[in-house]
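**Q** Handing you this structure, nothing more for now.
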Amino acid sequence: MINTIHIDNTFPICWVDKYDANGNLYFELLWADEIRELAKTRRVVLNLYSETGSMAAAFSESDEYVVLTLDLEHGYDMLRENPLGFKEDLEEWCGITQIDGIIGNAPCTDFAGSGARWWADKDAGKGFTDEYEKDHCYAKSTTDLHVTMAELVLLYVDFLEPRFWIVENPVGRINSLVPAVEQYGKPLWVNPNEYAGWANVDTEELNELDRIRAKDGVDVTTEEARLIVICNAYTKKTGLWGCFNRDLVKKEIEPVKGNTFGSPLMRFGGKSQKTKASRSKTPLGLSRAIFEANK
Ligand SMILES: C[S@@+](CC[C@H](N)C(=O)[O-])C[C@H]1O[C@@H](n2cnc3c(N)ncnc32)[C@H](O)[C@@H]1O
């Protein structure tokens, strides 16, 4: 089943995730015509700023939905494309006139409270690190760049008028820098472990988690930390702003420490795009809880 389609800047040509016989991921080309066919019988969810489509993963699992991701890693630069053009292209090439939901995982680099000690420098324009960011020289700081990126989610919402929309960001300052995210009120604060029961954790894994929990973070192996992450049995507080049904059903698993500091995600450090992407993936349990409440 085709479920998550990555749009690129040459849209109407897009990419689909496929797995070969050995379970290795590869991309296959897809034409807008095929999306047109899918959209005749399925509702469309857009996942903005998402390389993996992980927050919309539960919508992808359903054969009633098709998920389109827009992300720089797949060649769609939100800062260069425009929502009106996208809306017109969707209609012209795919016959899609109604978007059911928009989920925006705008970069939190300059918003997250965990980086607060760098805010002053970043606001003063000292945060530019790579050629891509420097290239957007109209922005006087990376903070401005990230504000624009978050505001773009709201612009896509304005143009596409979805039935529901969600902006996800960690504890930090997105609400003070982009106050319009709170037009439907304060965020719903969530932690992966509160929805972990949606991630099909079996009895054997629960027993294994009990054993690892008893270690209280001491001498937890990489394999054990990986299991904690797969089972979503960790905390990582994040906020969900927007217009959506906030009555998510919790299926809680008591969190398990992955090291003495707590988070098992810290075990998977590294600055490569791949490790960064896996750290910022939305856990499946949370995605399924969002889906159940908003499908
Ligand atoms: C915090 S991560 C969100 C990851 C998401 N939860 C996932 O599972 O893929 C932010 C994403 O924004 C993307 N991004 C950064 N700048 C962008 C741009 N100008 N246009 C589109 N995507 C961009 C990055 O590639 C990254 O995937």
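Every chain in the structure tokens takes a letter, A first, then B, and so on in the order presented; its residues are numbered from 1, and the ligands are numbered from 1 following the presented order.
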Could you give me, as number ranges by chain, every polymer residue with an atom at most 10 Å away from an atom of ligand 1, counting only C-alpha atoms and all ligand atoms?

**A** A: 8, 47-57, 69-81, 103-109, 132-133, 136, 145-146, 148-149, 152, 168-170, 273-274, 276-283

**Q** Write the selection just made, keeping N, CA and C atoms, as a short mmCIF file (atom, residue, chain, number, x, y, z; two decimals), in the first residue's frame?

**A**
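Written out: out13.cif:
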```cif
data_model
loop_
_atom_site.label_atom_id
_atom_site.label_comp_id
_atom_site.auth_asym_id
_atom_site.auth_seq_id
_atom_site.Cartn_x
_atom_site.Cartn_y
_atom_site.Cartn_z
N ASP A 8 8.42 16.74 -3.78
CA ASP A 8 9.66 17.52 -3.94
C ASP A 8 9.39 18.76 -4.79
N ASN A 47 1.89 16.48 6.12
CA ASN A 47 2.83 16.54 7.24
C ASN A 47 3.97 17.48 6.82
N LEU A 48 3.93 18.71 7.36
CA LEU A 48 4.91 19.72 7.00
C LEU A 48 6.15 19.60 7.87
N TYR A 49 7.30 19.87 7.30
CA TYR A 49 8.58 19.75 8.01
C TYR A 49 8.72 18.35 8.60
N SER A 50 8.52 17.35 7.79
CA SER A 50 8.68 16.00 8.31
C SER A 50 9.34 15.12 7.27
N GLU A 51 10.57 14.76 7.57
CA GLU A 51 11.32 13.88 6.68
C GLU A 51 10.69 12.49 6.68
N THR A 52 10.23 12.06 7.86
CA THR A 52 9.75 10.69 8.00
C THR A 52 8.24 10.56 7.94
N GLY A 53 7.53 11.65 8.15
CA GLY A 53 6.06 11.55 8.24
C GLY A 53 5.62 10.86 9.51
N SER A 54 6.48 10.87 10.54
CA SER A 54 6.21 10.03 11.72
C SER A 54 5.00 10.46 12.53
N MET A 55 4.72 11.76 12.59
CA MET A 55 3.56 12.17 13.39
C MET A 55 2.25 11.80 12.69
N ALA A 56 2.33 11.67 11.37
CA ALA A 56 1.14 11.28 10.60
C ALA A 56 1.15 9.79 10.30
N ALA A 57 2.08 9.04 10.92
CA ALA A 57 2.26 7.62 10.58
C ALA A 57 0.96 6.81 10.73
N THR A 69 4.18 14.41 2.59
CA THR A 69 5.13 15.15 3.43
C THR A 69 5.81 16.23 2.59
N LEU A 70 6.05 17.36 3.23
CA LEU A 70 6.82 18.45 2.60
C LEU A 70 8.03 18.70 3.48
N ASP A 71 9.21 18.37 3.00
CA ASP A 71 10.42 18.52 3.82
C ASP A 71 11.63 18.79 2.94
N LEU A 72 12.51 19.61 3.46
CA LEU A 72 13.73 19.96 2.74
C LEU A 72 14.52 18.72 2.32
N GLU A 73 14.53 17.71 3.18
CA GLU A 73 15.30 16.50 2.89
C GLU A 73 14.77 15.77 1.65
N HIS A 74 13.53 16.04 1.30
CA HIS A 74 12.98 15.43 0.09
C HIS A 74 12.89 16.45 -1.05
N GLY A 75 13.54 17.60 -0.84
CA GLY A 75 13.62 18.58 -1.93
C GLY A 75 12.50 19.60 -1.94
N TYR A 76 11.70 19.67 -0.87
CA TYR A 76 10.65 20.70 -0.84
C TYR A 76 11.05 21.73 0.20
N ASP A 77 11.47 22.89 -0.25
CA ASP A 77 11.92 23.94 0.66
C ASP A 77 10.74 24.86 0.99
N MET A 78 10.26 24.75 2.20
CA MET A 78 9.09 25.54 2.62
C MET A 78 9.37 27.04 2.49
N LEU A 79 10.65 27.43 2.57
CA LEU A 79 10.98 28.85 2.50
C LEU A 79 10.99 29.38 1.07
N ARG A 80 11.00 28.46 0.12
CA ARG A 80 11.06 28.91 -1.28
C ARG A 80 9.75 28.67 -2.04
N GLU A 81 9.00 27.64 -1.62
CA GLU A 81 7.72 27.38 -2.28
C GLU A 81 6.67 28.27 -1.62
N ILE A 103 -0.39 18.62 9.77
CA ILE A 103 0.44 18.43 10.96
C ILE A 103 1.78 19.09 10.68
N GLY A 104 2.16 20.06 11.50
CA GLY A 104 3.39 20.80 11.25
C GLY A 104 4.42 20.56 12.34
N ASN A 105 5.58 20.00 11.93
CA ASN A 105 6.67 19.76 12.89
C ASN A 105 7.79 20.77 12.62
N ALA A 106 7.45 22.05 12.65
CA ALA A 106 8.42 23.09 12.32
C ALA A 106 9.68 22.97 13.20
N PRO A 107 10.86 23.22 12.62
CA PRO A 107 12.10 23.11 13.39
C PRO A 107 12.03 23.92 14.69
N CYS A 108 12.49 23.31 15.76
CA CYS A 108 12.38 23.93 17.09
C CYS A 108 13.73 24.45 17.57
N THR A 109 14.74 24.37 16.69
CA THR A 109 16.12 24.66 17.11
C THR A 109 16.24 25.95 17.93
N TYR A 132 23.19 26.65 3.80
CA TYR A 132 21.77 26.79 3.50
C TYR A 132 21.17 27.96 4.27
N GLU A 133 21.49 28.00 5.58
CA GLU A 133 20.92 29.08 6.40
C GLU A 133 21.46 30.44 5.97
N HIS A 136 19.80 32.12 3.11
CA HIS A 136 18.55 32.85 3.35
C HIS A 136 18.90 34.17 4.05
N LEU A 145 14.41 33.18 11.06
CA LEU A 145 14.21 32.13 10.06
C LEU A 145 13.22 31.08 10.59
N HIS A 146 13.43 30.70 11.86
CA HIS A 146 12.56 29.67 12.43
C HIS A 146 11.15 30.19 12.72
N THR A 148 9.68 32.38 10.81
CA THR A 148 9.05 32.33 9.47
C THR A 148 8.59 30.91 9.16
N MET A 149 9.45 29.93 9.48
CA MET A 149 9.09 28.54 9.18
C MET A 149 7.82 28.14 9.92
N LEU A 152 4.79 29.79 8.46
CA LEU A 152 4.38 29.19 7.19
C LEU A 152 3.37 28.07 7.38
N GLU A 168 3.35 21.05 16.32
CA GLU A 168 4.04 20.39 17.44
C GLU A 168 5.36 21.09 17.71
N ASN A 169 5.67 21.31 18.96
CA ASN A 169 6.95 21.91 19.35
C ASN A 169 7.21 21.61 20.82
N PRO A 170 8.48 21.51 21.19
CA PRO A 170 8.78 21.20 22.60
C PRO A 170 8.55 22.41 23.51
N GLN A 273 22.52 13.81 9.83
CA GLN A 273 21.09 14.02 9.54
C GLN A 273 20.30 12.80 10.00
N LYS A 274 20.90 11.59 9.80
CA LYS A 274 20.16 10.37 10.11
C LYS A 274 19.85 10.26 11.61
N LYS A 276 19.90 12.71 13.80
CA LYS A 276 19.02 13.83 14.20
C LYS A 276 17.58 13.49 13.85
N ALA A 277 17.39 12.94 12.65
CA ALA A 277 16.02 12.61 12.21
C ALA A 277 15.42 11.55 13.11
N SER A 278 16.22 10.54 13.51
CA SER A 278 15.61 9.49 14.34
C SER A 278 15.30 10.02 15.74
N ARG A 279 16.09 10.99 16.25
CA ARG A 279 15.77 11.57 17.56
C ARG A 279 14.50 12.40 17.52
N SER A 280 14.23 13.02 16.36
CA SER A 280 13.07 13.92 16.32
C SER A 280 11.82 13.25 15.76
N LYS A 281 11.88 11.91 15.58
CA LYS A 281 10.70 11.19 15.12
C LYS A 281 9.62 11.18 16.19
N THR A 282 8.38 11.36 15.77
CA THR A 282 7.28 11.26 16.74
C THR A 282 7.02 9.79 17.01
N PRO A 283 6.90 9.40 18.30
CA PRO A 283 6.65 7.99 18.59
C PRO A 283 5.29 7.52 18.06
#
```

**Q** With a distance cut-off of 12 Å and only C-alpha atoms, select the neighbouring residues of range 12-23 of chain A, excluding the residue or stretch itself and same-chain residues fewer than 4 positions from it, and output the selection as a PyMOL selection string.

**A** chain A and resi 1-8+27-36+51-53+60+66-71+73-76+86+88-95

**Q** Take the residues that were just selected and, keeping C-alpha atoms, output them as an mmCIF file, in the first residue's frame.

**A**
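Written file, result.cif:
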```cif
data_model
loop_
_atom_site.group_PDB
_atom_site.id
_atom_site.type_symbol
_atom_site.label_atom_id
_atom_site.label_comp_id
_atom_site.auth_asym_id
_atom_site.auth_seq_id
_atom_site.Cartn_x
_atom_site.Cartn_y
_atom_site.Cartn_z
ATOM 1 C CA MET A 1 0.000 0.000 0.000
ATOM 2 C CA ILE A 2 1.278 3.461 -0.881
ATOM 3 C CA ASN A 3 0.849 5.472 2.270
ATOM 4 C CA THR A 4 3.400 8.262 2.668
ATOM 5 C CA ILE A 5 4.372 10.337 -0.332
ATOM 6 C CA HIS A 6 7.225 12.828 -0.201
ATOM 7 C CA ILE A 7 6.614 15.847 -2.386
ATOM 8 C CA ASP A 8 9.656 17.520 -3.937
ATOM 9 C CA PHE A 27 12.689 5.581 -2.685
ATOM 10 C CA GLU A 28 10.501 5.022 -5.686
ATOM 11 C CA LEU A 29 9.296 7.692 -8.074
ATOM 12 C CA LEU A 30 5.617 8.448 -8.222
ATOM 13 C CA TRP A 31 3.627 10.719 -10.508
ATOM 14 C CA ALA A 32 0.884 13.085 -9.459
ATOM 15 C CA ASP A 33 -1.553 10.975 -11.494
ATOM 16 C CA GLU A 34 -1.149 8.208 -8.948
ATOM 17 C CA ILE A 35 -1.919 10.572 -6.082
ATOM 18 C CA ARG A 36 -4.995 11.676 -8.037
ATOM 19 C CA GLU A 51 11.318 13.882 6.676
ATOM 20 C CA THR A 52 9.752 10.685 7.996
ATOM 21 C CA GLY A 53 6.064 11.554 8.238
ATOM 22 C CA SER A 60 -0.557 6.349 6.739
ATOM 23 C CA VAL A 66 -2.850 9.249 2.157
ATOM 24 C CA VAL A 67 -0.106 11.388 3.736
ATOM 25 C CA LEU A 68 1.923 13.931 1.784
ATOM 26 C CA THR A 69 5.128 15.151 3.433
ATOM 27 C CA LEU A 70 6.818 18.448 2.598
ATOM 28 C CA ASP A 71 10.419 18.520 3.824
ATOM 29 C CA GLU A 73 15.302 16.496 2.889
ATOM 30 C CA HIS A 74 12.976 15.431 0.087
ATOM 31 C CA GLY A 75 13.616 18.575 -1.929
ATOM 32 C CA TYR A 76 10.650 20.700 -0.836
ATOM 33 C CA PHE A 86 0.985 24.378 -3.719
ATOM 34 C CA GLU A 88 -3.162 25.286 -7.094
ATOM 35 C CA ASP A 89 -0.739 22.485 -8.049
ATOM 36 C CA LEU A 90 -2.577 19.994 -5.847
ATOM 37 C CA GLU A 91 -5.826 20.827 -7.562
ATOM 38 C CA GLU A 92 -4.441 20.990 -11.103
ATOM 39 C CA TRP A 93 -2.281 17.859 -10.984
ATOM 40 C CA CYS A 94 -4.043 15.694 -8.410
ATOM 41 C CA GLY A 95 -7.608 16.957 -8.405
#
```

**Q** Suppose you want the space between CA of Asn200 in chain A and CA of Asn232 in chain A; what is it in Å?

**A**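 Going from CA of Asn200 in chain A over to CA of Asn232 in chain A covers 10.1 Å.
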
**Q** Point out the residue among A:Arg42, A:Arg288, A:Arg246, A:Lys295 with the least atom-to-atom distance to Tyr184 in chain A, counting only C-alpha atoms.

**A**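 Looking at the shortest contact to Tyr184 in chain A, the residue is A:Arg246.
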
**Q** So that I can see what lies close to range 205-217 of chain A, please list as a PyMOL selection string the residues with an atom at most 12 Å from it, counting only C-alpha atoms and leaving out residues fewer than 6 positions away in the same chain.

**A** chain A and resi 196-197+199+223-234+252-264+266-267

**Q** Could you name the residues that touch Phe111 in chain A at 12 Å or less, counting only C-alpha atoms, but leaving out those on the same chain fewer than 4 positions away, as a PyMOL selection string?

**A** chain A and resi 106-107+115-120+122-123+142-147+149-150+168-178+238

**Q** What's around Pro187 in chain A at 8 Å? Count only C-alpha atoms, leave out sequence neighbours fewer than 3 positions away in its own chain, and write the answer as a list in words.

**A**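 So the residues in contact are Glu182, Gly239, Leu240, Trp241 and Gly242 of chain A.
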
**Q** Can you write out the residues you just picked, keeping N, CA and C atoms, as a compact mmCIF listing (two decimals), in the first residue's frame?

**A**
```
# COMPACT_ATOMS: atom_id res chain seq x y z
N GLU A 182 -1.46 30.05 19.24
CA GLU A 182 -2.40 29.86 20.36
C GLU A 182 -3.80 30.38 20.04
N GLY A 239 4.53 19.96 23.07
CA GLY A 239 3.21 20.60 23.05
C GLY A 239 2.54 20.45 21.69
N LEU A 240 1.23 20.29 21.72
CA LEU A 240 0.44 20.24 20.48
C LEU A 240 -0.52 21.42 20.49
N TRP A 241 -0.27 22.37 19.60
CA TRP A 241 -1.15 23.54 19.47
C TRP A 241 -2.08 23.32 18.27
N GLY A 242 -3.18 24.06 18.24
CA GLY A 242 -3.98 24.06 17.01
C GLY A 242 -5.43 23.73 17.21
```

**Q** Nearest residue to Glu64 in chain A out of A:Val249, A:Phe291, A:Leu286, A:Thr222, using only C-alpha atoms?

**A**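 Nearest to Glu64 in chain A: A:Phe291.
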
**Q** Quick one: DSSP strand (DSSP E or B) residues in range 174-283 of chain A, as a list of chain:residue names?

**A**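 Those in range 174-283 of chain A that DSSP calls strand (DSSP E or B) are A:Leu188, A:Trp189, A:Val190, A:Thr238, A:Gly239, A:Leu240, A:Trp241, A:Gly242, A:Cys243, A:Asn259, A:Gly262.
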
**Q** Could the residues in this selection be saved with C-alpha atoms as a compact mmCIF listing (two decimals), in the first residue's frame?

**A**
```
# COMPACT_ATOMS: atom_id res chain seq x y z
CA LEU A 188 -1.94 19.92 24.94
CA TRP A 189 1.25 18.74 26.64
CA VAL A 190 2.16 15.13 25.91
CA THR A 238 6.16 18.30 23.79
CA GLY A 239 3.21 20.60 23.05
CA LEU A 240 0.44 20.24 20.48
CA TRP A 241 -1.15 23.54 19.47
CA GLY A 242 -3.98 24.06 17.01
CA CYS A 243 -7.48 23.09 16.06
CA ASN A 259 20.83 6.29 31.46
CA GLY A 262 16.94 9.74 32.09
```

**Q** Compare A:Asn294, A:Thr10, A:Asn82, A:Thr97 by their minimum atom-to-atom distance to Leu248 in chain A, counting only C-alpha atoms, and give me the closest one.

**A**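 Of A:Asn294, A:Thr10, A:Asn82, A:Thr97, the one nearest Leu248 in chain A, counting only C-alpha atoms, is A:Asn294.
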
**Q** Quick one: distance from CA of Gly125 in chain A to CA of Gly113 in chain A in Å, one decimal?

**A** 18.3 Å

**Q** Would you work out the distance separating CA of Leu84 in chain A from CA of Phe159 in chain A, expressed in Å to one decimal?

**A**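 That distance, rounded to one decimal, is 6.5 Å.
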